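*Asks:* coords-v8.pdb is reproduced in full below (PDB, C-alpha atoms).
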ATOM      1  CA  MET H   1     -44.470-141.578 134.096
ATOM      2  CA  ALA H   2     -46.318-140.743 130.856
ATOM      3  CA  ALA H   3     -45.333-137.064 131.144
ATOM      4  CA  VAL H   4     -41.665-138.055 131.401
ATOM      5  CA  GLU H   5     -41.760-140.481 128.469
ATOM      6  CA  SER H   6     -43.414-137.934 126.162
ATOM      7  CA  SER H   7     -41.139-135.014 127.073
ATOM      8  CA  HIS H   8     -37.777-133.597 126.143
ATOM      9  CA  ILE H   9     -37.536-131.887 129.560
ATOM     10  CA  HIS H  10     -39.366-132.858 132.732
ATOM     11  CA  ALA H  11     -38.545-131.038 135.975
ATOM     12  CA  GLN H  12     -40.266-132.129 139.173
ATOM     13  CA  ASP H  13     -40.056-130.174 142.449
ATOM     14  CA  VAL H  14     -36.545-128.931 141.658
ATOM     15  CA  TRP H  15     -34.588-126.912 144.226
ATOM     16  CA  ARG H  16     -31.167-125.307 143.926
ATOM     17  CA  ARG H  17     -29.341-124.190 147.047
ATOM     18  CA  TYR H  18     -26.241-122.027 147.420
ATOM     19  CA  GLY H  19     -24.129-121.934 150.576
ATOM     20  CA  SER H  20     -24.620-123.902 153.772
ATOM     21  CA  GLY H  21     -25.774-123.470 157.347
ATOM     22  CA  LYS H  22     -27.164-120.046 158.169
ATOM     23  CA  LYS H  23     -25.837-118.648 154.888
ATOM     24  CA  THR H  24     -27.923-120.838 152.596
ATOM     25  CA  PHE H  25     -29.992-119.326 149.818
ATOM     26  CA  ASP H  26     -32.526-121.231 147.735
ATOM     27  CA  ALA H  27     -32.402-119.706 144.264
ATOM     28  CA  VAL H  28     -34.810-122.296 142.835
ATOM     29  CA  ARG H  29     -37.689-123.373 145.066
ATOM     30  CA  GLY H  30     -39.792-126.339 143.984
ATOM     31  CA  VAL H  31     -39.952-125.708 140.240
ATOM     32  CA  SER H  32     -41.908-128.172 138.072
ATOM     33  CA  PHE H  33     -42.660-128.057 134.341
ATOM     34  CA  THR H  34     -42.585-130.149 131.174
ATOM     35  CA  VAL H  35     -41.332-129.297 127.693
ATOM     36  CA  ARG H  36     -42.645-131.579 124.959
ATOM     37  CA  PRO H  37     -40.901-132.491 121.697
ATOM     38  CA  GLY H  38     -41.039-129.753 119.062
ATOM     39  CA  GLU H  39     -42.259-127.143 121.544
ATOM     40  CA  LEU H  40     -40.810-123.721 122.292
ATOM     41  CA  PHE H  41     -40.994-123.097 126.030
ATOM     42  CA  ALA H  42     -40.129-119.624 127.335
ATOM     43  CA  LEU H  43     -38.867-119.060 130.876
ATOM     44  CA  LEU H  44     -39.431-115.498 132.057
ATOM     45  CA  GLY H  45     -38.646-113.623 135.236
ATOM     46  CA  THR H  46     -36.980-110.539 136.627
ATOM     47  CA  ASN H  47     -33.260-110.452 137.454
ATOM     48  CA  GLY H  48     -32.664-112.817 140.344
ATOM     49  CA  ALA H  49     -35.857-114.791 139.761
ATOM     50  CA  GLY H  50     -33.902-118.030 139.308
ATOM     51  CA  LYS H  51     -34.026-118.486 135.519
ATOM     52  CA  THR H  52     -30.300-119.000 134.945
ATOM     53  CA  SER H  53     -29.979-121.241 138.007
ATOM     54  CA  THR H  54     -32.818-123.376 136.642
ATOM     55  CA  VAL H  55     -31.372-123.599 133.134
ATOM     56  CA  GLU H  56     -27.969-124.625 134.483
ATOM     57  CA  LEU H  57     -29.655-127.531 136.265
ATOM     58  CA  LEU H  58     -31.423-128.561 133.066
ATOM     59  CA  GLU H  59     -28.123-128.441 131.184
ATOM     60  CA  GLY H  60     -26.434-130.676 133.758
ATOM     61  CA  LEU H  61     -24.018-127.999 134.964
ATOM     62  CA  ALA H  62     -25.144-128.491 138.573
ATOM     63  CA  VAL H  63     -26.987-131.104 140.629
ATOM     64  CA  PRO H  64     -30.373-130.164 142.168
ATOM     65  CA  HIS H  65     -30.454-129.861 145.943
ATOM     66  CA  ARG H  66     -33.775-131.680 145.749
ATOM     67  CA  GLY H  67     -36.147-132.923 143.080
ATOM     68  CA  SER H  68     -35.524-134.568 139.727
ATOM     69  CA  ILE H  69     -34.851-133.614 136.110
ATOM     70  CA  ARG H  70     -35.148-135.892 133.107
ATOM     71  CA  VAL H  71     -34.190-135.093 129.507
ATOM     72  CA  PHE H  72     -35.221-137.000 126.368
ATOM     73  CA  GLY H  73     -37.555-139.167 128.404
ATOM     74  CA  ASP H  74     -35.502-140.779 131.165
ATOM     75  CA  LEU H  75     -31.951-139.398 130.946
ATOM     76  CA  ASP H  76     -30.355-137.562 133.874
ATOM     77  CA  PRO H  77     -28.644-134.287 132.818
ATOM     78  CA  VAL H  78     -25.609-135.014 135.001
ATOM     79  CA  THR H  79     -25.014-138.763 134.994
ATOM     80  CA  ASP H  80     -26.149-139.225 131.367
ATOM     81  CA  ARG H  81     -24.427-136.111 130.043
ATOM     82  CA  PRO H  82     -22.286-138.037 127.470
ATOM     83  CA  ARG H  83     -25.504-139.321 125.860
ATOM     84  CA  ILE H  84     -27.341-135.998 126.077
ATOM     85  CA  ARG H  85     -24.639-133.567 124.978
ATOM     86  CA  PRO H  86     -24.461-134.605 121.276
ATOM     87  CA  ARG H  87     -28.205-133.980 120.954
ATOM     88  CA  THR H  88     -28.283-130.525 122.547
ATOM     89  CA  GLY H  89     -27.148-127.022 121.685
ATOM     90  CA  THR H  90     -26.579-124.195 124.137
ATOM     91  CA  MET H  91     -26.445-120.458 123.558
ATOM     92  CA  LEU H  92     -25.153-118.775 126.704
ATOM     93  CA  GLN H  93     -25.629-115.113 127.592
ATOM     94  CA  GLU H  94     -21.994-114.494 126.674
ATOM     95  CA  GLY H  95     -19.822-116.480 124.272
ATOM     96  CA  GLY H  96     -16.146-117.252 124.775
ATOM     97  CA  PHE H  97     -14.748-116.612 121.313
ATOM     98  CA  ILE H  98     -11.135-115.769 120.514
ATOM     99  CA  SER H  99     -11.207-112.134 119.479
ATOM    100  CA  HIS H 100      -8.544-112.260 116.743
ATOM    101  CA  LEU H 101     -10.129-115.138 114.810
ATOM    102  CA  THR H 102     -12.510-114.405 111.949
ATOM    103  CA  VAL H 103     -16.149-115.443 112.024
ATOM    104  CA  ARG H 104     -15.497-118.344 109.652
ATOM    105  CA  GLU H 105     -12.434-119.493 111.629
ATOM    106  CA  SER H 106     -14.438-119.408 114.864
ATOM    107  CA  VAL H 107     -17.272-121.519 113.484
ATOM    108  CA  ARG H 108     -14.847-123.939 111.817
ATOM    109  CA  MET H 109     -12.977-124.434 115.102
ATOM    110  CA  TRP H 110     -16.207-125.271 116.934
ATOM    111  CA  ALA H 111     -17.370-127.493 114.078
ATOM    112  CA  GLU H 112     -14.253-129.644 114.507
ATOM    113  CA  LEU H 113     -15.256-130.199 118.139
ATOM    114  CA  THR H 114     -18.919-130.912 117.395
ATOM    115  CA  SER H 115     -20.605-134.219 116.596
ATOM    116  CA  ARG H 116     -22.511-134.360 113.280
ATOM    117  CA  ALA H 117     -21.754-130.656 112.641
ATOM    118  CA  ARG H 118     -23.512-128.963 109.737
ATOM    119  CA  PRO H 119     -21.249-127.375 107.047
ATOM    120  CA  VAL H 120     -19.643-124.109 108.181
ATOM    121  CA  ASP H 121     -21.089-122.124 105.268
ATOM    122  CA  GLN H 122     -24.559-123.430 106.061
ATOM    123  CA  ALA H 123     -24.191-122.430 109.718
ATOM    124  CA  LEU H 124     -23.101-118.913 108.721
ATOM    125  CA  GLU H 125     -25.958-118.578 106.249
ATOM    126  CA  LEU H 126     -28.479-119.794 108.802
ATOM    127  CA  ALA H 127     -27.302-117.216 111.347
ATOM    128  CA  GLY H 128     -27.199-114.375 108.819
ATOM    129  CA  LEU H 129     -23.408-114.019 109.011
ATOM    130  CA  ALA H 130     -22.317-115.230 105.568
ATOM    131  CA  HIS H 131     -21.492-111.675 104.466
ATOM    132  CA  ARG H 132     -19.326-111.171 107.581
ATOM    133  CA  HIS H 133     -17.343-114.410 107.323
ATOM    134  CA  ASP H 134     -13.921-112.737 107.059
ATOM    135  CA  VAL H 135     -14.450-110.177 109.868
ATOM    136  CA  MET H 136     -12.578-110.704 113.125
ATOM    137  CA  VAL H 137     -14.727-111.391 116.160
ATOM    138  CA  GLN H 138     -13.408-108.293 117.934
ATOM    139  CA  ASN H 139     -14.872-106.137 115.158
ATOM    140  CA  LEU H 140     -18.391-107.538 115.331
ATOM    141  CA  SER H 141     -21.248-105.564 116.838
ATOM    142  CA  GLY H 142     -22.969-106.873 119.956
ATOM    143  CA  GLY H 143     -25.873-108.196 117.897
ATOM    144  CA  GLU H 144     -23.535-109.923 115.431
ATOM    145  CA  LYS H 145     -21.723-111.646 118.291
ATOM    146  CA  ARG H 146     -25.082-113.004 119.473
ATOM    147  CA  ARG H 147     -25.661-114.372 115.972
ATOM    148  CA  LEU H 148     -22.259-116.031 116.113
ATOM    149  CA  ASP H 149     -23.263-117.601 119.436
ATOM    150  CA  LEU H 150     -26.387-118.905 117.730
ATOM    151  CA  ALA H 151     -24.435-120.258 114.753
ATOM    152  CA  VAL H 152     -22.256-122.307 117.107
ATOM    153  CA  ALA H 153     -25.193-123.450 119.263
ATOM    154  CA  THR H 154     -26.992-124.861 116.215
ATOM    155  CA  LEU H 155     -23.980-126.532 114.577
ATOM    156  CA  SER H 156     -25.004-130.018 115.691
ATOM    157  CA  ARG H 157     -28.594-129.723 114.407
ATOM    158  CA  PRO H 158     -29.725-130.157 118.038
ATOM    159  CA  ASP H 159     -32.865-131.988 119.081
ATOM    160  CA  LEU H 160     -32.950-129.729 122.161
ATOM    161  CA  LEU H 161     -31.717-126.143 122.077
ATOM    162  CA  PHE H 162     -31.190-123.864 125.085
ATOM    163  CA  LEU H 163     -31.298-120.165 124.189
ATOM    164  CA  ASP H 164     -30.345-117.807 127.030
ATOM    165  CA  GLU H 165     -31.301-114.227 126.084
ATOM    166  CA  PRO H 166     -30.654-114.886 122.362
ATOM    167  CA  THR H 167     -31.488-111.371 121.127
ATOM    168  CA  ALA H 168     -29.813-109.302 123.866
ATOM    169  CA  GLY H 169     -27.869-106.444 122.295
ATOM    170  CA  MET H 170     -29.624-106.701 118.925
ATOM    171  CA  ASP H 171     -31.473-103.907 117.199
ATOM    172  CA  ALA H 172     -35.112-104.386 116.155
ATOM    173  CA  GLU H 173     -34.179-105.678 112.706
ATOM    174  CA  GLY H 174     -31.692-108.199 114.102
ATOM    175  CA  ARG H 175     -34.214-109.344 116.686
ATOM    176  CA  ARG H 176     -36.853-110.000 114.037
ATOM    177  CA  ALA H 177     -34.350-111.878 111.874
ATOM    178  CA  THR H 178     -33.409-114.045 114.850
ATOM    179  CA  TRP H 179     -37.076-114.787 115.539
ATOM    180  CA  GLU H 180     -37.396-116.004 111.957
ATOM    181  CA  LEU H 181     -34.332-118.205 112.432
ATOM    182  CA  ILE H 182     -35.744-119.678 115.630
ATOM    183  CA  GLY H 183     -38.960-120.374 113.741
ATOM    184  CA  ARG H 184     -37.040-122.268 111.055
ATOM    185  CA  LEU H 185     -35.257-124.327 113.701
ATOM    186  CA  ARG H 186     -38.619-125.318 115.152
ATOM    187  CA  GLU H 187     -39.873-126.279 111.710
ATOM    188  CA  GLN H 188     -36.838-128.553 111.420
ATOM    189  CA  GLY H 189     -37.914-130.316 114.624
ATOM    190  CA  SER H 190     -35.831-128.701 117.381
ATOM    191  CA  THR H 191     -37.298-128.395 120.859
ATOM    192  CA  ILE H 192     -36.342-125.013 122.319
ATOM    193  CA  LEU H 193     -36.131-123.650 125.836
ATOM    194  CA  LEU H 194     -35.814-119.864 125.720
ATOM    195  CA  THR H 195     -35.067-117.328 128.439
ATOM    196  CA  THR H 196     -35.691-113.704 127.562
ATOM    197  CA  HIS H 197     -36.398-110.272 129.012
ATOM    198  CA  TYR H 198     -38.333-109.285 125.888
ATOM    199  CA  LEU H 199     -41.982-110.094 126.597
ATOM    200  CA  GLU H 200     -42.900-109.492 122.951
ATOM    201  CA  GLU H 201     -40.380-112.204 122.051
ATOM    202  CA  ALA H 202     -42.000-114.741 124.363
ATOM    203  CA  GLU H 203     -45.491-113.709 123.275
ATOM    204  CA  SER H 204     -44.568-114.105 119.610
ATOM    205  CA  LEU H 205     -42.611-117.371 119.805
ATOM    206  CA  ALA H 206     -43.672-119.475 122.784
ATOM    207  CA  ASP H 207     -46.112-122.385 122.756
ATOM    208  CA  HIS H 208     -46.014-122.380 126.545
ATOM    209  CA  LEU H 209     -44.207-120.264 129.099
ATOM    210  CA  ALA H 210     -43.556-119.938 132.787
ATOM    211  CA  ILE H 211     -42.966-116.765 134.792
ATOM    212  CA  MET H 212     -40.574-117.173 137.715
ATOM    213  CA  HIS H 213     -40.636-114.977 140.797
ATOM    214  CA  ARG H 214     -38.305-115.394 143.779
ATOM    215  CA  GLY H 215     -37.302-118.903 142.746
ATOM    216  CA  ARG H 216     -40.803-120.233 142.121
ATOM    217  CA  ILE H 217     -43.048-120.516 139.078
ATOM    218  CA  ALA H 218     -45.726-117.908 139.681
ATOM    219  CA  ALA H 219     -47.684-118.556 136.468
ATOM    220  CA  ALA H 220     -47.465-121.112 133.674
ATOM    221  CA  GLY H 221     -49.384-122.072 130.547
ATOM    222  CA  THR H 222     -50.089-120.585 127.152
ATOM    223  CA  VAL H 223     -49.924-116.810 126.768
ATOM    224  CA  ALA H 224     -53.717-116.712 126.443
ATOM    225  CA  ARG H 225     -54.155-118.747 129.633
ATOM    226  CA  ILE H 226     -51.826-116.564 131.686
ATOM    227  CA  VAL H 227     -53.308-113.332 130.368
ATOM    228  CA  ALA H 228     -56.841-114.563 131.088
ATOM    229  CA  ASP H 229     -56.014-114.658 134.813
ATOM    230  CA  HIS H 230     -55.360-110.907 134.832
ATOM    231  CA  PRO H 231     -57.852-108.059 134.488
ATOM    232  CA  SER H 232     -58.449-105.692 131.607
ATOM    233  CA  THR H 233     -58.735-101.899 131.871
ATOM    234  CA  LEU H 234     -61.270 -99.301 130.753
ATOM    235  CA  SER H 235     -60.400 -95.643 131.120
ATOM    236  CA  PHE H 236     -62.099 -92.369 130.196
ATOM    237  CA  THR H 237     -62.766 -88.825 131.368
ATOM    238  CA  LEU H 238     -66.066 -87.809 133.019
ATOM    239  CA  ASP H 239     -67.409 -84.280 133.041
ATOM    240  CA  GLY H 240     -68.055 -82.576 136.389
ATOM    241  CA  ARG H 241     -71.697 -83.656 136.630
ATOM    242  CA  TRP H 242     -70.768 -87.250 137.376
ATOM    243  CA  THR H 243     -68.456 -89.284 139.587
ATOM    244  CA  ALA H 244     -67.321 -92.906 139.633
ATOM    245  CA  ARG H 245     -70.161 -93.713 142.069
ATOM    246  CA  ASP H 246     -72.690 -93.027 139.310
ATOM    247  CA  LEU H 247     -71.289 -95.652 136.955
ATOM    248  CA  PRO H 248     -73.060 -99.019 136.342
ATOM    249  CA  VAL H 249     -70.057-101.161 137.229
ATOM    250  CA  ALA H 250     -70.786-102.174 140.808
ATOM    251  CA  GLY H 251     -68.397-104.790 142.157
ATOM    252  CA  THR H 252     -65.648-103.791 139.742
ATOM    253  CA  ALA H 253     -62.550-101.900 140.888
ATOM    254  CA  VAL H 254     -62.998 -98.235 139.957
ATOM    255  CA  GLU H 255     -60.542 -95.424 140.608
ATOM    256  CA  GLN H 256     -61.020 -91.730 139.905
ATOM    257  CA  HIS H 257     -58.288 -89.107 139.842
ATOM    258  CA  GLY H 258     -59.728 -85.736 138.966
ATOM    259  CA  GLY H 259     -62.020 -86.384 136.030
ATOM    260  CA  ARG H 260     -60.116 -89.443 134.814
ATOM    261  CA  VAL H 261     -61.696 -92.805 135.663
ATOM    262  CA  THR H 262     -60.033 -96.215 135.465
ATOM    263  CA  VAL H 263     -62.103 -99.408 135.644
ATOM    264  CA  THR H 264     -60.250-102.684 136.257
ATOM    265  CA  THR H 265     -62.396-105.591 135.123
ATOM    266  CA  GLY H 266     -62.381-109.290 134.424
ATOM    267  CA  GLN H 267     -65.304-108.936 132.006
ATOM    268  CA  LEU H 268     -64.161-106.317 129.529
ATOM    269  CA  GLN H 269     -66.956-106.645 126.967
ATOM    270  CA  LYS H 270     -69.802-106.614 129.487
ATOM    271  CA  ASP H 271     -68.524-103.611 131.445
ATOM    272  CA  ALA H 272     -67.673-101.689 128.277
ATOM    273  CA  THR H 273     -71.223-102.297 127.005
ATOM    274  CA  ARG H 274     -72.738-101.185 130.318
ATOM    275  CA  LEU H 275     -70.699 -97.985 130.354
ATOM    276  CA  LEU H 276     -71.426 -97.060 126.746
ATOM    277  CA  THR H 277     -75.138 -97.793 127.162
ATOM    278  CA  TRP H 278     -75.252 -95.693 130.346
ATOM    279  CA  ALA H 279     -73.424 -92.850 128.603
ATOM    280  CA  GLU H 280     -75.876 -92.933 125.682
ATOM    281  CA  GLU H 281     -78.923 -92.931 127.991
ATOM    282  CA  HIS H 282     -77.595 -89.994 130.034
ATOM    283  CA  ASP H 283     -76.205 -88.011 127.116
ATOM    284  CA  VAL H 284     -72.667 -88.295 128.539
ATOM    285  CA  VAL H 285     -69.532 -88.114 126.424
ATOM    286  CA  LEU H 286     -66.834 -90.452 127.747
ATOM    287  CA  GLU H 287     -63.847 -88.543 126.431
ATOM    288  CA  ARG H 288     -60.575 -90.349 125.576
ATOM    289  CA  PHE H 289     -62.329 -93.682 126.084
ATOM    290  CA  THR H 290     -59.944 -96.638 125.853
ATOM    291  CA  ALA H 291     -60.475-100.349 126.365
ATOM    292  CA  ARG H 292     -57.255-102.274 126.928
ATOM    293  CA  PRO H 293     -57.354-106.051 127.269
ATOM    294  CA  ALA H 294     -54.989-107.765 129.650
ATOM    295  CA  SER H 295     -51.515-108.361 128.224
ATOM    296  CA  LEU H 296     -48.529-110.526 129.027
ATOM    297  CA  GLU H 297     -46.684-107.367 130.048
ATOM    298  CA  GLU H 298     -49.340-106.494 132.617
ATOM    299  CA  ALA H 299     -49.389-110.061 133.945
ATOM    300  CA  PHE H 300     -45.609-110.011 134.239
ATOM    301  CA  ILE H 301     -45.549-106.657 136.022
ATOM    302  CA  ARG H 302     -48.182-107.781 138.523
ATOM    303  CA  ILE H 303     -46.244-110.965 139.290
ATOM    304  CA  ALA H 304     -42.880-109.181 139.465
ATOM    305  CA  GLY H 305     -44.373-106.630 141.856
ATOM    306  CA  ARG H 306     -45.257-109.193 144.489
ATOM    307  CA  ASP H 307     -43.176-108.422 147.541
ATOM    308  CA  GLU H 308     -43.299-111.662 149.474
ATOM    309  CA  ALA H 309     -39.730-112.804 150.154
ATOM    310  CA  PRO H 310     -38.788-116.311 151.280
ATOM    311  CA  GLY H 311     -36.508-116.717 154.226
ATOM    312  CA  ALA H 312     -32.955-117.893 153.603
ATOM    313  CA  GLY H 313     -32.792-121.656 153.463
ATOM    314  CA  GLU H 314     -36.554-121.992 154.005
ATOM    315  CA  GLU H 315     -38.203-125.036 152.429
ATOM    316  CA  ASP H 316     -41.952-125.353 152.062
ATOM    317  CA  GLU H 317     -43.227-128.873 152.344
TER
END
As structure tokens - that is how I would like this structure written.

*Replies:*
Amino acid sequence: MAAVESSHIHAQDVWRRYGSGKKTFDAVRGVSFTVRPGELFALLGTNGAGKTSTVELLEGLAVPHRGSIRVFGDLDPVTDRPRIRPRTGTMLQEGGFISHLTVRESVRMWAELTSRARPVDQALELAGLAHRHDVMVQNLSGGEKRRLDLAVATLSRPDLLFLDEPTAGMDAEGRRATWELIGRLREQGSTILLTTHYLEEAESLADHLAIMHRGRIAAAGTVARIVADHPSTLSFTLDGRWTARDLPVAGTAVEQHGGRVTVTTGQLQKDATRLLTWAEEHDVVLERFTARPASLEEAFIRIAGRDEAPGAGEEDE
């Protein structure tokens, strides 16, 4: 109960099922996590992992097949939607703007439909669109349209903000500017749930994250915690006098292709020290020596590469 009371989102054993009978498919399979007030929580996963299906449940756009979701402590996203909606903002993957309206006209229209809306000029300034206020939506670039989506999503000064791929279609400069904006929103007290395909984005912004794979959460925690569960890599080239069997890294995964050796290790510093000490003692030059710590990208790739596939309609108890 304490986790629910101190959270802005609490999902417990949530399932989402499509179809019926023999044609059922469980897109979300027993997902549980908590997002606390003021936190940025990133939800990652490959296409088809279940991210969008999960977010739609959190937003109250569908009812879970099984499990429970609570928002702002004890509110149900579906039955309590009238109480939740004024306190949330949502940035979908694609907006539904009228193409022949200007940027200012679009934001003003949405402001008239929004509770406690911030001033239109402030919303445009916050999203970096003040200089494009008189441009028609149809003439905006893809990145600018995403900023317009963000301007509308943040009109109500939301306590809880859902951002679905907020920087898709943006160039590097636009992406960085959006990260800064998201940071300002957090400083103002917003709790944010972010889905993204950009691992650097999640690594830079998230307090906690979860990686989904085939409808389940395969890893969750801080970036440091998730990365710590995955090995680091040492690589170098040996001259012809030596092979991988001569190296002082027994019990560690070692591969050799030609003269190039790759050591996969969970104790990077110790194995690097052993190798360098051995090389010094035997007058060996480890050419092109690199030591690469585990990264979120490597953790993600390892998880995404798992090939176990659940059966249609299968439920694990």

*Asks:* When the PyMOL selection byres ((chain H and resi 204-208) around 10) is applied to the file above, which residues end up in the set, as a count of residues only?

*Replies:* 30

*Asks:* Using the chain letters and numbering of this document, enumerate as a list in words the residues selected by the PyMOL selection byres ((chain H and resi 235) around 9).

*Replies:*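 Applied to this file, the PyMOL selection byres ((chain H and resi 235) around 9) selects Thr233, Leu234, Phe236, Thr237, Arg260, Val261, Thr262, Val263, Thr264, Leu286, Arg288, Phe289, Thr290, Ala291 and Arg292 of chain H.
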
*Asks:* When distances are computed from all atoms listed in the file, which of H:Thr54, H:Thr277, H:Gln138, H:Ser115 shows the smallest separation from Pro82 (chain H)?

*Replies:*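 Selected residue with least distance to Pro82 (chain H): H:Ser115.
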
*Asks:* So that I can check the surroundings of Ala62 (chain H), please list as a ChimeraX atom specification every protein, DNA and RNA residue that reaches within 9 Å of it, counting all atoms listed in the file and ignoring chain neighbours fewer than 4 positions away.

*Replies:* /H:16,53,56-58,77-78

*Asks:* Quick one: apply the PyMOL selection byres ((chain H and resi 297) around 10) to the file and drop the selected residues here as a list of chain:residue names.

*Replies:*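 On the file shown, the PyMOL selection byres ((chain H and resi 297) around 10) covers H:Tyr198, H:Leu199, H:Glu200, H:Glu203, H:Val227, H:Ala294, H:Ser295, H:Leu296, H:Glu298, H:Ala299, H:Phe300, H:Ile301, H:Arg302, H:Ile303.
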
*Asks:* May I have the residues at most 10 Å from (-41.6, -116.1, 142.2) in the file's coordinates, counting all atoms listed in the file, as an NGL selection string?

*Replies:* :H and (28-29 or 31 or 45-46 or 48-50 or 211-219 or 303-310)

*Asks:* Could you state the separation of CA of Met170 (chain H) and CA of Lys145 (chain H) in Å, given to one decimal place?

*Replies:*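 These atoms are spaced 9.3 Å apart.
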
*Asks:* With distances taken over only C-alpha atoms, which of H:Leu124, H:Val249, H:Leu150, H:Ala27 is nearest to Ala168 (chain H)?

*Replies:*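 Result for the nearest residue to Ala168 (chain H): H:Leu150.
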
*Asks:* Would you kindly return, as JSON, numbers by chain, each protein, DNA or RNA residue with an atom no farther than 12 Å from any atom of region 107-109 of chain H, considering only C-alpha atoms and excluding same-chain residues fewer than 6 positions away?

*Replies:* {"H": [97, 98, 101, 117, 118, 119, 120, 121, 122, 123, 124, 125, 127, 129, 130, 133, 134, 136, 137, 145, 147, 148, 149, 150, 151, 152, 153, 154, 155, 156]}

*Asks:* Need the shell around Pro248 (chain H): protein/DNA/RNA residues with any atom at most 8 Å away, counting all atoms listed in the file. Skip same-chain ones fewer than 6 positions apart. Format as a PyMOL selection string?

*Replies:* chain H and resi 274-275+278

*Asks:* Just the number, please: distance in Å from CA of Asn47 (chain H) to CA of Thr24 (chain H), one decimal.

*Replies:* 19.1 Å

*Asks:* Choose the residue, out of H:Thr52, H:Thr273, H:Ser6, H:Asn139, that has the smallest atom-to-atom separation from Thr102 (chain H); count only C-alpha atoms.

*Replies:* H:Asn139

*Asks:* Out of H:Asp159, H:Asp26, H:Gly96, H:Glu280, which residue has the shortest atom-to-atom distance to Glu187 (chain H) when counting all atoms listed in the file?

*Replies:*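 When distances to Glu187 (chain H) are compared using all atoms listed in the file, the smallest one comes from H:Asp159.
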
*Asks:* Mind giving me the axis-aligned box for region 119-136 of chain H with 5 Å on every side, centre plus edges in Å to one decimal, as JSON?

*Replies:*
{"center_x": -20.5, "center_y": -118.8, "center_z": 108.8, "size_x": 25.9, "size_y": 27.2, "size_z": 18.7}

*Asks:* Tell me, in Å to one decimal, how far CA of Leu113 (chain H) is from CA of Pro37 (chain H).

*Replies:*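 These two atoms are separated by 26.0 Å.
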